[in-house]
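Q: Coordinates in entry07.pdb, PDB, C-alpha atoms, are listed below.
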ATOM      1  CA  MET A   1      -9.567 -26.547 -21.690
ATOM      2  CA  GLN A   2      -6.514 -24.272 -21.550
ATOM      3  CA  PRO A   3      -7.432 -20.579 -21.325
ATOM      4  CA  LEU A   4      -6.237 -17.968 -23.781
ATOM      5  CA  ILE A   5      -4.035 -15.458 -21.911
ATOM      6  CA  ARG A   6      -4.068 -12.030 -23.537
ATOM      7  CA  PRO A   7      -3.802  -8.321 -22.663
ATOM      8  CA  ALA A   8      -7.048  -6.774 -21.496
ATOM      9  CA  ARG A   9      -8.992  -4.687 -23.961
ATOM     10  CA  GLU A  10     -11.926  -2.312 -23.894
ATOM     11  CA  GLY A  11     -15.049  -4.087 -22.728
ATOM     12  CA  ASP A  12     -13.294  -6.628 -20.499
ATOM     13  CA  ALA A  13     -13.882  -4.538 -17.370
ATOM     14  CA  GLU A  14     -17.635  -4.820 -17.777
ATOM     15  CA  ALA A  15     -17.423  -8.601 -18.093
ATOM     16  CA  ILE A  16     -15.148  -8.842 -15.030
ATOM     17  CA  ALA A  17     -17.510  -6.627 -13.017
ATOM     18  CA  SER A  18     -20.290  -9.179 -13.504
ATOM     19  CA  TRP A  19     -18.451 -11.824 -11.429
ATOM     20  CA  THR A  20     -16.461  -9.690  -8.962
ATOM     21  CA  ARG A  21     -19.332  -7.849  -7.293
ATOM     22  CA  ASP A  22     -19.171 -10.139  -4.249
ATOM     23  CA  THR A  23     -15.430 -10.825  -4.019
ATOM     24  CA  PHE A  24     -15.383  -9.253  -0.532
ATOM     25  CA  PHE A  25     -18.175  -8.284   1.841
ATOM     26  CA  TRP A  26     -17.908  -4.697   0.528
ATOM     27  CA  GLY A  27     -17.670  -5.666  -3.168
ATOM     28  CA  ASP A  28     -14.508  -5.211  -5.280
ATOM     29  CA  TYR A  29     -12.461  -2.444  -6.883
ATOM     30  CA  VAL A  30     -10.795  -4.337  -9.723
ATOM     31  CA  ALA A  31     -13.317  -3.839 -12.517
ATOM     32  CA  ASP A  32     -13.504  -0.089 -11.863
ATOM     33  CA  ALA A  33      -9.702   0.169 -11.767
ATOM     34  CA  ILE A  34      -8.949  -1.774 -14.964
ATOM     35  CA  PRO A  35      -9.506   1.141 -17.421
ATOM     36  CA  ASP A  36      -7.058   3.321 -15.453
ATOM     37  CA  TRP A  37      -4.603   0.412 -15.132
ATOM     38  CA  MET A  38      -4.683  -0.135 -18.911
ATOM     39  CA  ALA A  39      -3.899   3.538 -19.502
ATOM     40  CA  GLU A  40      -1.059   3.787 -16.970
ATOM     41  CA  PRO A  41       2.473   3.714 -18.438
ATOM     42  CA  GLY A  42       4.475   0.621 -17.538
ATOM     43  CA  SER A  43       1.339  -1.373 -16.757
ATOM     44  CA  MET A  44       0.036  -4.695 -18.038
ATOM     45  CA  VAL A  45      -3.428  -6.122 -17.395
ATOM     46  CA  LEU A  46      -3.844  -9.742 -18.475
ATOM     47  CA  VAL A  47      -7.078 -11.700 -18.777
ATOM     48  CA  ALA A  48      -7.828 -15.390 -19.184
ATOM     49  CA  GLU A  49     -10.464 -16.243 -21.769
ATOM     50  CA  ILE A  50     -12.289 -19.543 -22.327
ATOM     51  CA  GLU A  51     -14.682 -19.868 -25.268
ATOM     52  CA  GLY A  52     -15.055 -16.095 -25.454
ATOM     53  CA  LEU A  53     -15.740 -15.675 -21.709
ATOM     54  CA  VAL A  54     -13.282 -13.720 -19.566
ATOM     55  CA  VAL A  55     -12.718 -15.907 -16.505
ATOM     56  CA  GLY A  56      -9.677 -14.341 -14.848
ATOM     57  CA  THR A  57      -7.529 -11.240 -14.631
ATOM     58  CA  THR A  58      -4.353  -9.918 -13.038
ATOM     59  CA  ARG A  59      -2.163  -6.838 -13.310
ATOM     60  CA  ALA A  60       1.490  -5.784 -12.979
ATOM     61  CA  LEU A  61       3.089  -2.339 -12.880
ATOM     62  CA  LEU A  62       6.727  -1.353 -13.242
ATOM     63  CA  MET A  63       7.523   0.631 -10.097
ATOM     64  CA  SER A  64      11.123   1.286 -11.185
ATOM     65  CA  PRO A  65      13.347  -0.105 -13.949
ATOM     66  CA  ALA A  66      14.129  -3.099 -11.705
ATOM     67  CA  GLU A  67      10.939  -3.477  -9.618
ATOM     68  CA  ALA A  68       7.465  -4.706 -10.567
ATOM     69  CA  TRP A  69       4.276  -4.853  -8.528
ATOM     70  CA  ALA A  70       1.483  -7.424  -8.953
ATOM     71  CA  GLN A  71      -2.116  -6.888  -7.883
ATOM     72  CA  GLY A  72      -5.752  -7.432  -8.736
ATOM     73  CA  SER A  73      -5.682 -11.199  -9.327
ATOM     74  CA  ARG A  74      -9.200 -12.580  -9.710
ATOM     75  CA  VAL A  75     -10.714 -15.810 -11.104
ATOM     76  CA  HIS A  76     -14.378 -16.409 -11.947
ATOM     77  CA  PRO A  77     -16.008 -18.411  -9.103
ATOM     78  CA  ASP A  78     -17.102 -21.136 -11.544
ATOM     79  CA  HIS A  79     -13.549 -21.616 -12.855
ATOM     80  CA  ARG A  80     -11.470 -21.721  -9.691
ATOM     81  CA  ARG A  81      -9.122 -24.586  -8.747
ATOM     82  CA  ARG A  82      -8.308 -25.218 -12.397
ATOM     83  CA  GLY A  83      -4.900 -23.524 -12.497
ATOM     84  CA  ILE A  84      -6.155 -20.364 -14.196
ATOM     85  CA  GLY A  85      -4.764 -18.086 -11.500
ATOM     86  CA  ASN A  86      -1.327 -19.702 -11.751
ATOM     87  CA  THR A  87      -1.360 -19.490 -15.548
ATOM     88  CA  LEU A  88      -2.196 -15.779 -15.381
ATOM     89  CA  ALA A  89       0.461 -15.174 -12.743
ATOM     90  CA  ARG A  90       3.163 -16.888 -14.800
ATOM     91  CA  GLY A  91       2.212 -14.768 -17.789
ATOM     92  CA  LEU A  92       2.614 -11.697 -15.598
ATOM     93  CA  LEU A  93       6.035 -12.866 -14.374
ATOM     94  CA  GLU A  94       7.187 -13.355 -17.963
ATOM     95  CA  TRP A  95       5.990  -9.889 -18.939
ATOM     96  CA  ALA A  96       7.730  -8.238 -15.955
ATOM     97  CA  ALA A  97      10.996 -10.050 -16.686
ATOM     98  CA  ASP A  98      10.806  -9.016 -20.341
ATOM     99  CA  GLN A  99      10.514  -5.374 -19.212
ATOM    100  CA  GLY A 100      13.785  -5.696 -17.287
ATOM    101  CA  ALA A 101      12.393  -6.087 -13.763
ATOM    102  CA  ARG A 102      14.630  -8.019 -11.365
ATOM    103  CA  VAL A 103      12.006  -8.554  -8.671
ATOM    104  CA  ILE A 104       8.215  -8.599  -8.441
ATOM    105  CA  ARG A 105       6.276  -8.023  -5.240
ATOM    106  CA  VAL A 106       2.705  -8.454  -4.071
ATOM    107  CA  LEU A 107       0.724  -7.548  -0.958
ATOM    108  CA  VAL A 108      -1.441 -10.135   0.803
ATOM    109  CA  GLU A 109      -3.684  -9.428   3.770
ATOM    110  CA  ASN A 110      -2.874 -11.811   6.599
ATOM    111  CA  TRP A 111      -6.409 -13.202   6.831
ATOM    112  CA  ASN A 112      -6.390 -14.274   3.149
ATOM    113  CA  ASP A 113      -5.224 -17.897   3.339
ATOM    114  CA  ALA A 114      -6.075 -18.580  -0.312
ATOM    115  CA  ALA A 115      -3.880 -15.721  -1.534
ATOM    116  CA  LYS A 116      -1.041 -16.791   0.764
ATOM    117  CA  ALA A 117      -1.203 -20.317  -0.665
ATOM    118  CA  ALA A 118      -1.161 -18.944  -4.213
ATOM    119  CA  THR A 119       1.970 -16.861  -3.558
ATOM    120  CA  ALA A 120       3.674 -19.906  -2.034
ATOM    121  CA  ASN A 121       2.840 -21.985  -5.121
ATOM    122  CA  LEU A 122       4.582 -19.356  -7.253
ATOM    123  CA  ASP A 123       7.674 -19.365  -5.001
ATOM    124  CA  TYR A 124       7.140 -15.896  -3.575
ATOM    125  CA  ARG A 125       8.636 -15.424  -0.112
ATOM    126  CA  PRO A 126       7.533 -13.041   2.653
ATOM    127  CA  VAL A 127       9.892 -10.087   3.021
ATOM    128  CA  ALA A 128       8.145  -7.527   5.251
ATOM    129  CA  GLY A 129       5.113  -7.237   7.474
ATOM    130  CA  TRP A 130       3.067  -4.047   7.214
ATOM    131  CA  VAL A 131       0.047  -2.579   8.937
ATOM    132  CA  ARG A 132      -2.596  -0.085   7.929
ATOM    133  CA  ALA A 133      -3.618   1.665  11.128
ATOM    134  CA  SER A 134      -6.749   3.824  11.173
ATOM    135  CA  ARG A 135      -8.733   5.901  13.643
ATOM    136  CA  GLY A 136     -11.083   8.851  13.716
ATOM    137  CA  VAL A 137     -10.112  12.410  14.553
ATOM    138  CA  GLY A 138     -12.056  15.413  15.785
ATOM    139  CA  GLU A 139     -15.631  14.467  16.596
ATOM    140  CA  ASN A 140     -14.921  10.931  15.359
ATOM    141  CA  SER A 141     -11.947  10.481  17.677
ATOM    142  CA  PRO A 142     -12.099   7.474  20.030
ATOM    143  CA  VAL A 143      -9.369   9.036  22.169
ATOM    144  CA  PRO A 144      -9.889  12.732  22.989
ATOM    145  CA  GLU A 145      -6.325  13.809  23.794
ATOM    146  CA  GLY A 146      -7.029  16.471  26.362
ATOM    147  CA  ASN A 147      -8.740  17.339  29.592
ATOM    148  CA  GLY A 148     -12.495  17.289  29.932
ATOM    149  CA  GLY A 149     -12.900  15.860  26.421
ATOM    150  CA  ARG A 150     -11.268  18.892  24.808
ATOM    151  CA  ARG A 151      -8.327  18.416  22.467
ATOM    152  CA  VAL A 152      -5.017  19.841  23.599
ATOM    153  CA  MET A 153      -2.466  20.238  20.807
ATOM    154  CA  ALA A 154       0.911  18.600  21.319
ATOM    155  CA  GLU A 155       3.791  20.870  22.182
ATOM    156  CA  GLU A 156       5.999  19.147  19.584
ATOM    157  CA  GLY A 157       4.351  19.588  16.232
ATOM    158  CA  LEU A 158       5.335  18.856  12.630
ATOM    159  CA  ARG A 159       5.863  21.439   9.910
ATOM    160  CA  PRO A 160       6.092  21.135   6.123
ATOM    161  CA  ALA A 161       9.725  20.621   5.108
ATOM    162  CA  HIS A 162      11.540  22.160   2.137
ATOM    163  CA  SER A 163      12.755  19.910  -0.674
ATOM    164  CA  SER A 164      16.318  20.672   0.422
ATOM    165  CA  GLU A 165      15.548  18.657   3.561
ATOM    166  CA  ALA A 166      14.907  15.461   1.593
ATOM    167  CA  ALA A 167      18.517  14.311   1.956
ATOM    168  CA  PRO A 168      18.619  14.709   5.773
ATOM    169  CA  ALA A 169      15.240  12.956   5.986
ATOM    170  CA  MET A 170      16.587  10.068   3.922
ATOM    171  CA  MET A 171      19.665   9.841   6.130
ATOM    172  CA  SER A 172      17.501   9.727   9.264
ATOM    173  CA  TRP A 173      15.644   6.709   7.909
ATOM    174  CA  SER A 174      18.458   4.812   6.206
ATOM    175  CA  GLY A 175      19.787   2.057   8.435
ATOM    176  CA  GLY A 176      17.270   2.887  11.161
ATOM    177  CA  PRO A 177      14.824   0.495  12.821
ATOM    178  CA  LEU A 178      11.878   1.302  10.568
ATOM    179  CA  GLU A 179      13.943   1.128   7.381
ATOM    180  CA  ARG A 180      15.128  -2.326   8.426
ATOM    181  CA  ALA A 181      11.588  -3.454   9.291
ATOM    182  CA  ALA A 182      10.310  -2.105   5.962
ATOM    183  CA  ARG A 183      13.205  -3.695   4.013
ATOM    184  CA  GLY A 184      13.644  -0.286   2.413
ATOM    185  CA  LEU A 185      10.137  -0.335   0.921
ATOM    186  CA  VAL A 186       7.477   2.371   1.003
ATOM    187  CA  PRO A 187       3.974   2.643  -0.519
ATOM    188  CA  ILE A 188       4.048   4.812  -3.641
ATOM    189  CA  GLY A 189       0.835   6.076  -5.190
ATOM    190  CA  GLY A 190      -1.485   3.907  -3.130
ATOM    191  CA  TRP A 191      -1.379   0.209  -2.282
ATOM    192  CA  ARG A 192       1.855  -0.602  -4.105
ATOM    193  CA  TRP A 193       5.390  -0.628  -2.773
ATOM    194  CA  ARG A 194       8.952  -0.121  -4.004
ATOM    195  CA  ARG A 195      12.283   0.960  -2.561
ATOM    196  CA  LEU A 196      12.319   4.503  -1.243
ATOM    197  CA  VAL A 197      14.705   6.976  -2.890
ATOM    198  CA  ALA A 198      15.541  10.537  -1.876
ATOM    199  CA  GLY A 199      13.605  11.835  -4.883
ATOM    200  CA  ASP A 200      10.396  10.492  -3.347
ATOM    201  CA  LEU A 201      10.949  12.683  -0.293
ATOM    202  CA  ALA A 202      11.760  15.707  -2.462
ATOM    203  CA  ASP A 203       8.555  15.117  -4.444
ATOM    204  CA  ALA A 204       6.585  14.942  -1.182
ATOM    205  CA  ALA A 205       8.182  18.199  -0.036
ATOM    206  CA  ARG A 206       7.080  19.937  -3.228
ATOM    207  CA  ARG A 207       3.522  18.797  -2.413
ATOM    208  CA  ARG A 208       4.032  20.153   1.146
ATOM    209  CA  ALA A 209       3.539  16.577   2.361
ATOM    210  CA  LEU A 210       7.029  15.995   3.808
ATOM    211  CA  LEU A 211       6.807  16.869   7.502
ATOM    212  CA  SER A 212       9.598  17.587   9.950
ATOM    213  CA  GLY A 213       9.799  18.056  13.708
ATOM    214  CA  ARG A 214      11.755  16.993  16.748
ATOM    215  CA  PRO A 215      10.062  13.527  16.830
ATOM    216  CA  GLY A 216      11.254  12.791  13.291
ATOM    217  CA  TRP A 217       9.993  12.927   9.725
ATOM    218  CA  ALA A 218       6.831  11.791   7.965
ATOM    219  CA  ILE A 219       4.866  12.030   4.737
ATOM    220  CA  GLY A 220       1.241  12.967   5.344
ATOM    221  CA  GLU A 221      -1.426  14.498   3.113
ATOM    222  CA  ILE A 222      -5.192  14.719   2.715
ATOM    223  CA  GLN A 223      -6.794  12.169   0.413
ATOM    224  CA  GLU A 224     -10.563  12.484   0.130
ATOM    225  CA  ASP A 225     -11.844  12.631   3.728
ATOM    226  CA  ARG A 226      -8.773  11.153   5.438
ATOM    227  CA  TYR A 227      -5.276  12.174   6.377
ATOM    228  CA  GLU A 228      -3.004   9.516   4.861
ATOM    229  CA  VAL A 229       0.465   8.898   6.301
ATOM    230  CA  SER A 230       2.622   6.779   4.004
ATOM    231  CA  TRP A 231       6.071   7.084   5.620
ATOM    232  CA  ILE A 232       7.485   7.675   9.096
ATOM    233  CA  SER A 233      11.029   8.054  10.339
ATOM    234  CA  THR A 234      11.182   8.022  14.144
ATOM    235  CA  ASP A 235      12.357   5.755  16.954
ATOM    236  CA  GLU A 236      10.920   4.061  20.005
ATOM    237  CA  SER A 237      11.653   6.981  22.326
ATOM    238  CA  ASP A 238       9.872   9.513  20.072
ATOM    239  CA  VAL A 239       7.095   7.445  18.514
ATOM    240  CA  HIS A 240       4.313   8.658  20.842
ATOM    241  CA  ALA A 241       5.204  12.298  20.191
ATOM    242  CA  MET A 242       5.261  11.560  16.460
ATOM    243  CA  LEU A 243       1.832   9.917  16.457
ATOM    244  CA  ARG A 244       0.366  12.682  18.600
ATOM    245  CA  ALA A 245       1.710  15.286  16.174
ATOM    246  CA  LEU A 246       0.295  13.402  13.171
ATOM    247  CA  VAL A 247      -3.151  13.173  14.767
ATOM    248  CA  ASP A 248      -2.926  16.903  15.450
ATOM    249  CA  ARG A 249      -2.150  17.534  11.768
ATOM    250  CA  ALA A 250      -5.180  15.473  10.763
ATOM    251  CA  ALA A 251      -7.442  17.261  13.250
ATOM    252  CA  ALA A 252      -6.261  20.656  12.044
ATOM    253  CA  ALA A 253      -7.027  19.603   8.457
ATOM    254  CA  GLY A 254     -10.660  19.002   9.417
ATOM    255  CA  VAL A 255     -10.836  15.454   8.056
ATOM    256  CA  ASP A 256     -12.810  12.564   9.529
ATOM    257  CA  GLY A 257      -9.914  10.188  10.142
ATOM    258  CA  ILE A 258      -6.257   9.343   9.827
ATOM    259  CA  SER A 259      -4.618   6.236   8.375
ATOM    260  CA  VAL A 260      -0.979   5.236   8.728
ATOM    261  CA  MET A 261       0.868   2.749   6.520
ATOM    262  CA  ALA A 262       3.794   1.446   8.551
ATOM    263  CA  PRO A 263       6.162  -1.503   8.777
ATOM    264  CA  SER A 264       5.090  -4.019  11.401
ATOM    265  CA  SER A 265       7.605  -3.100  14.108
ATOM    266  CA  ASP A 266       6.437  -4.251  17.563
ATOM    267  CA  TRP A 267       7.056  -0.939  19.310
ATOM    268  CA  LEU A 268       5.380   1.069  16.537
ATOM    269  CA  VAL A 269       2.317  -1.187  16.431
ATOM    270  CA  GLN A 270       2.008  -1.033  20.235
ATOM    271  CA  ALA A 271       2.196   2.760  20.098
ATOM    272  CA  LEU A 272      -0.476   2.884  17.396
ATOM    273  CA  ARG A 273      -2.784   0.715  19.487
ATOM    274  CA  ARG A 274      -2.260   2.937  22.532
ATOM    275  CA  ARG A 275      -3.230   5.929  20.394
ATOM    276  CA  GLY A 276      -6.554   4.290  19.520
ATOM    277  CA  PHE A 277      -5.701   3.015  16.041
ATOM    278  CA  ASP A 278      -7.294  -0.134  14.641
ATOM    279  CA  ILE A 279      -4.648  -2.397  13.098
ATOM    280  CA  HIS A 280      -4.976  -4.235   9.788
ATOM    281  CA  ASP A 281      -2.106  -6.701   9.194
ATOM    282  CA  MET A 282      -0.539  -7.368   5.787
ATOM    283  CA  THR A 283       2.580  -8.986   4.334
ATOM    284  CA  ILE A 284       4.647  -8.098   1.281
ATOM    285  CA  TYR A 285       5.914 -11.088  -0.689
ATOM    286  CA  ALA A 286       8.693 -10.948  -3.297
ATOM    287  CA  LYS A 287       9.986 -13.159  -6.081
ATOM    288  CA  PRO A 288      13.237 -12.652  -7.989
ATOM    289  CA  LEU A 289      12.934 -12.638 -11.773
TER
END
Give the structure from the file, written as structure tokens.

A:
Amino acid sequence: MQPLIRPAREGDAEAIASWTRDTFFWGDYVADAIPDWMAEPGSMVLVAEIEGLVVGTTRALLMSPAEAWAQGSRVHPDHRRRGIGNTLARGLLEWAADQGARVIRVLVENWNDAAKAATANLDYRPVAGWVRASRGVGENSPVPEGNGGRRVMAEEGLRPAHSSEAAPAMMSWSGGPLERAARGLVPIGGWRWRRLVAGDLADAARRRALLSGRPGWAIGEIQEDRYEVSWISTDESDVHAMLRALVDRAAAAGVDGISVMAPSSDWLVQALRRRGFDIHDMTIYAKPL
């Protein structure tokens, strides 16, 4: 039986929660996120329904007039391998194209073979490798940077930059090794990516999250109990000083840990490992519309 594909409505999240509790070993976030996704401008949540039962869902968000982001694809365990995921995805592609998007992207964790196969079936292609690197700081630090177990602050620190510095920060990144590795993309508002523009850096500066120092530039800010770094502009010769300064910022903030979203450049990943970060590998896939 062909499913009915329709926009999500109130009450669907509860039904989806009933069969997504064990998606991963830690559970799932999709059902809790759906009400916020439905309310977000430029967002579409689709569900697949068979005989009144919601058996699948997926979501897309316009990240810019030309860029869409797909996420949250799930199919009921009893209805998998029946083409429901592909049918939902094609509905999402049609919606994004109708909104004027020229490209749609999705993030897949490298261990997820099923998701990688699904993106291949839809003619997505890999465009950039990314890592989420995490470690503790302060008492939770696996690497006490100092003598006798006491932290010694780096001589080259980072300071909040003014919004007028957004243009120089953008110039430092444009055409550089990390911009090329990232294919110009940056995470915006969480686990979703689009092309970086100078306005993003100015917005970060107004939040006092754009950081500047001799090792380069970064965006870092406290989110819950972690210091989250979403953008770095540095090079191989300065990367260790940059990471040391970022860990110092996190320690000074009194949070439990630091996480860095970064393009999967060999020298940056090696530096993160040497600084005690655990590495989680991911790939961004894209499809023209």

Q: Rounded to one decimal place, report the CA of Arg59 in chain A-CA of Val103 in chain A distance in Å.

A: 15.0 Å

Q: Show me, as JSON lines, the residues of range 179-229 of chain A having an atom within 12 Å of range 273-288 of chain A, each with the closest atom pair and its distance in Å, using only C-alpha atoms.

A:
{"residue": "A:Ala181", "atom": "CA", "partner": "A:Ile284", "partner_atom": "CA", "distance": 11.6}
{"residue": "A:Ala182", "atom": "CA", "partner": "A:Ile284", "partner_atom": "CA", "distance": 9.5}
{"residue": "A:Arg183", "atom": "CA", "partner": "A:Ile284", "partner_atom": "CA", "distance": 10.0}
{"residue": "A:Gly184", "atom": "CA", "partner": "A:Ile284", "partner_atom": "CA", "distance": 12.0}
{"residue": "A:Leu185", "atom": "CA", "partner": "A:Ile284", "partner_atom": "CA", "distance": 9.5}
{"residue": "A:Val186", "atom": "CA", "partner": "A:Ile284", "partner_atom": "CA", "distance": 10.8}
{"residue": "A:Pro187", "atom": "CA", "partner": "A:Ile284", "partner_atom": "CA", "distance": 10.9}
{"residue": "A:Trp191", "atom": "CA", "partner": "A:Ile284", "partner_atom": "CA", "distance": 10.9}
{"residue": "A:Arg192", "atom": "CA", "partner": "A:Ile284", "partner_atom": "CA", "distance": 9.6}
{"residue": "A:Trp193", "atom": "CA", "partner": "A:Ile284", "partner_atom": "CA", "distance": 8.5}
{"residue": "A:Arg194", "atom": "CA", "partner": "A:Ile284", "partner_atom": "CA", "distance": 10.5}

Q: On this structure, the PyMOL selection byres ((chain A and resi 33) around 12) would catch which residues? List them as a VMD selection string, sorted by chain and number.

A: chain A and resid 12 to 14 16 to 17 28 to 32 34 to 40 45 57 to 59 71 to 72

Q: Can you measure CA of Gly136 in chain A to CA of Ile258 in chain A for me? One decimal in Å is fine.

A: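 Taking CA of Gly136 in chain A as the start and CA of Ile258 in chain A as the end point, the length is 6.2 Å.
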
Q: For Asp98 in chain A, which residue among A:Gln2, A:Ala169, A:Leu289, A:Val255 is the nearest when counting all atoms listed in the file?

A: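 So, comparing all the options, the nearest one is A:Leu289.
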
Q: Could you pull the residues within 12 Å of Leu46 in chain A, counting all atoms listed in the file, minus those fewer than 3 positions along the same chain, as an NGL selection string?

A: :A and (3-9 or 12-13 or 16 or 34 or 37-38 or 43 or 49 or 54-61 or 70-75 or 84-85 or 87-96)

Q: Within 9 Å of (5.0, 12.0, 13.8), only C-alpha atoms: residues as a ChimeraX atom specification?

A: /A:157-158,211-218,232-234,238-247

Q: For a quick check of understanding, using all atoms listed in the file, which of A:Arg82, A:Gln99, A:His76, A:Leu107 has the smallest distance to Gly129 in chain A?

A: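 The shortest atom-to-atom distance to Gly129 in chain A comes from A:Leu107.
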
Q: So which residues are close to (18.9, 12.1, 5.5), meaning at most 12 Å away in the file's coordinates with only C-alpha atoms counted, and can you show them as a PyMOL selection string?

A: chain A and resi 163-176+197-199+201-202+212+216-217+233

Q: Between CA of Gly52 in chain A and CA of Leu122 in chain A, measure the distance and give it in Å to one decimal.

A: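 CA of Leu122 in chain A lies 27.0 Å from CA of Gly52 in chain A.
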
Q: Missing atoms in range 6-26 of chain A need filling: write out N, CA and C atoms for it as an mmCIF file, in the frame of the given file.

A:
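As a result, result_33.cif now contains:
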data_model
loop_
_atom_site.group_PDB
_atom_site.id
_atom_site.type_symbol
_atom_site.label_atom_id
_atom_site.label_comp_id
_atom_site.auth_asym_id
_atom_site.auth_seq_id
_atom_site.Cartn_x
_atom_site.Cartn_y
_atom_site.Cartn_z
ATOM 1 N N ARG A 6 -4.287 -13.170 -22.653
ATOM 2 C CA ARG A 6 -4.068 -12.030 -23.537
ATOM 3 C C ARG A 6 -4.146 -10.723 -22.748
ATOM 4 N N PRO A 7 -3.618 -9.626 -23.313
ATOM 5 C CA PRO A 7 -3.802 -8.321 -22.663
ATOM 6 C C PRO A 7 -5.272 -7.928 -22.641
ATOM 7 N N ALA A 8 -5.661 -7.238 -21.592
ATOM 8 C CA ALA A 8 -7.048 -6.774 -21.496
ATOM 9 C C ALA A 8 -7.333 -5.748 -22.585
ATOM 10 N N ARG A 9 -8.581 -5.676 -22.977
ATOM 11 C CA ARG A 9 -8.992 -4.687 -23.961
ATOM 12 C C ARG A 9 -10.308 -4.056 -23.529
ATOM 13 N N GLU A 10 -10.694 -3.025 -24.233
ATOM 14 C CA GLU A 10 -11.926 -2.312 -23.894
ATOM 15 C C GLU A 10 -13.106 -3.287 -23.887
ATOM 16 N N GLY A 11 -13.907 -3.197 -22.876
ATOM 17 C CA GLY A 11 -15.049 -4.087 -22.728
ATOM 18 C C GLY A 11 -14.825 -5.203 -21.734
ATOM 19 N N ASP A 12 -13.565 -5.557 -21.456
ATOM 20 C CA ASP A 12 -13.294 -6.628 -20.499
ATOM 21 C C ASP A 12 -13.704 -6.243 -19.082
ATOM 22 N N ALA A 13 -13.554 -4.965 -18.734
ATOM 23 C CA ALA A 13 -13.882 -4.538 -17.370
ATOM 24 C C ALA A 13 -15.343 -4.809 -17.043
ATOM 25 N N GLU A 14 -16.206 -4.573 -18.004
ATOM 26 C CA GLU A 14 -17.635 -4.820 -17.777
ATOM 27 C C GLU A 14 -17.895 -6.298 -17.530
ATOM 28 N N ALA A 15 -17.248 -7.161 -18.287
ATOM 29 C CA ALA A 15 -17.423 -8.601 -18.093
ATOM 30 C C ALA A 15 -16.888 -9.028 -16.729
ATOM 31 N N ILE A 16 -15.739 -8.486 -16.328
ATOM 32 C CA ILE A 16 -15.148 -8.842 -15.030
ATOM 33 C C ILE A 16 -16.030 -8.342 -13.882
ATOM 34 N N ALA A 17 -16.638 -7.168 -14.067
ATOM 35 C CA ALA A 17 -17.510 -6.627 -13.017
ATOM 36 C C ALA A 17 -18.666 -7.571 -12.702
ATOM 37 N N SER A 18 -19.125 -8.320 -13.704
ATOM 38 C CA SER A 18 -20.290 -9.179 -13.504
ATOM 39 C C SER A 18 -20.024 -10.315 -12.529
ATOM 40 N N TRP A 19 -18.731 -10.723 -12.357
ATOM 41 C CA TRP A 19 -18.451 -11.824 -11.429
ATOM 42 C C TRP A 19 -17.500 -11.437 -10.294
ATOM 43 N N THR A 20 -17.279 -10.124 -10.101
ATOM 44 C CA THR A 20 -16.461 -9.690 -8.962
ATOM 45 C C THR A 20 -17.241 -8.820 -7.986
ATOM 46 N N ARG A 21 -18.546 -8.726 -8.173
ATOM 47 C CA ARG A 21 -19.332 -7.849 -7.293
ATOM 48 C C ARG A 21 -19.294 -8.298 -5.843
ATOM 49 N N ASP A 22 -19.119 -9.598 -5.611
ATOM 50 C CA ASP A 22 -19.171 -10.139 -4.249
ATOM 51 C C ASP A 22 -17.837 -10.753 -3.826
ATOM 52 N N THR A 23 -16.732 -10.279 -4.397
ATOM 53 C CA THR A 23 -15.430 -10.825 -4.019
ATOM 54 C C THR A 23 -15.199 -10.700 -2.526
ATOM 55 N N PHE A 24 -15.498 -9.518 -1.963
ATOM 56 C CA PHE A 24 -15.383 -9.253 -0.532
ATOM 57 C C PHE A 24 -16.743 -8.803 -0.026
ATOM 58 N N PHE A 25 -16.875 -8.669 1.284
ATOM 59 C CA PHE A 25 -18.175 -8.284 1.841
ATOM 60 C C PHE A 25 -18.603 -6.894 1.362
ATOM 61 N N TRP A 26 -17.607 -6.057 0.995
ATOM 62 C CA TRP A 26 -17.908 -4.697 0.528
ATOM 63 C C TRP A 26 -17.945 -4.596 -0.996
#
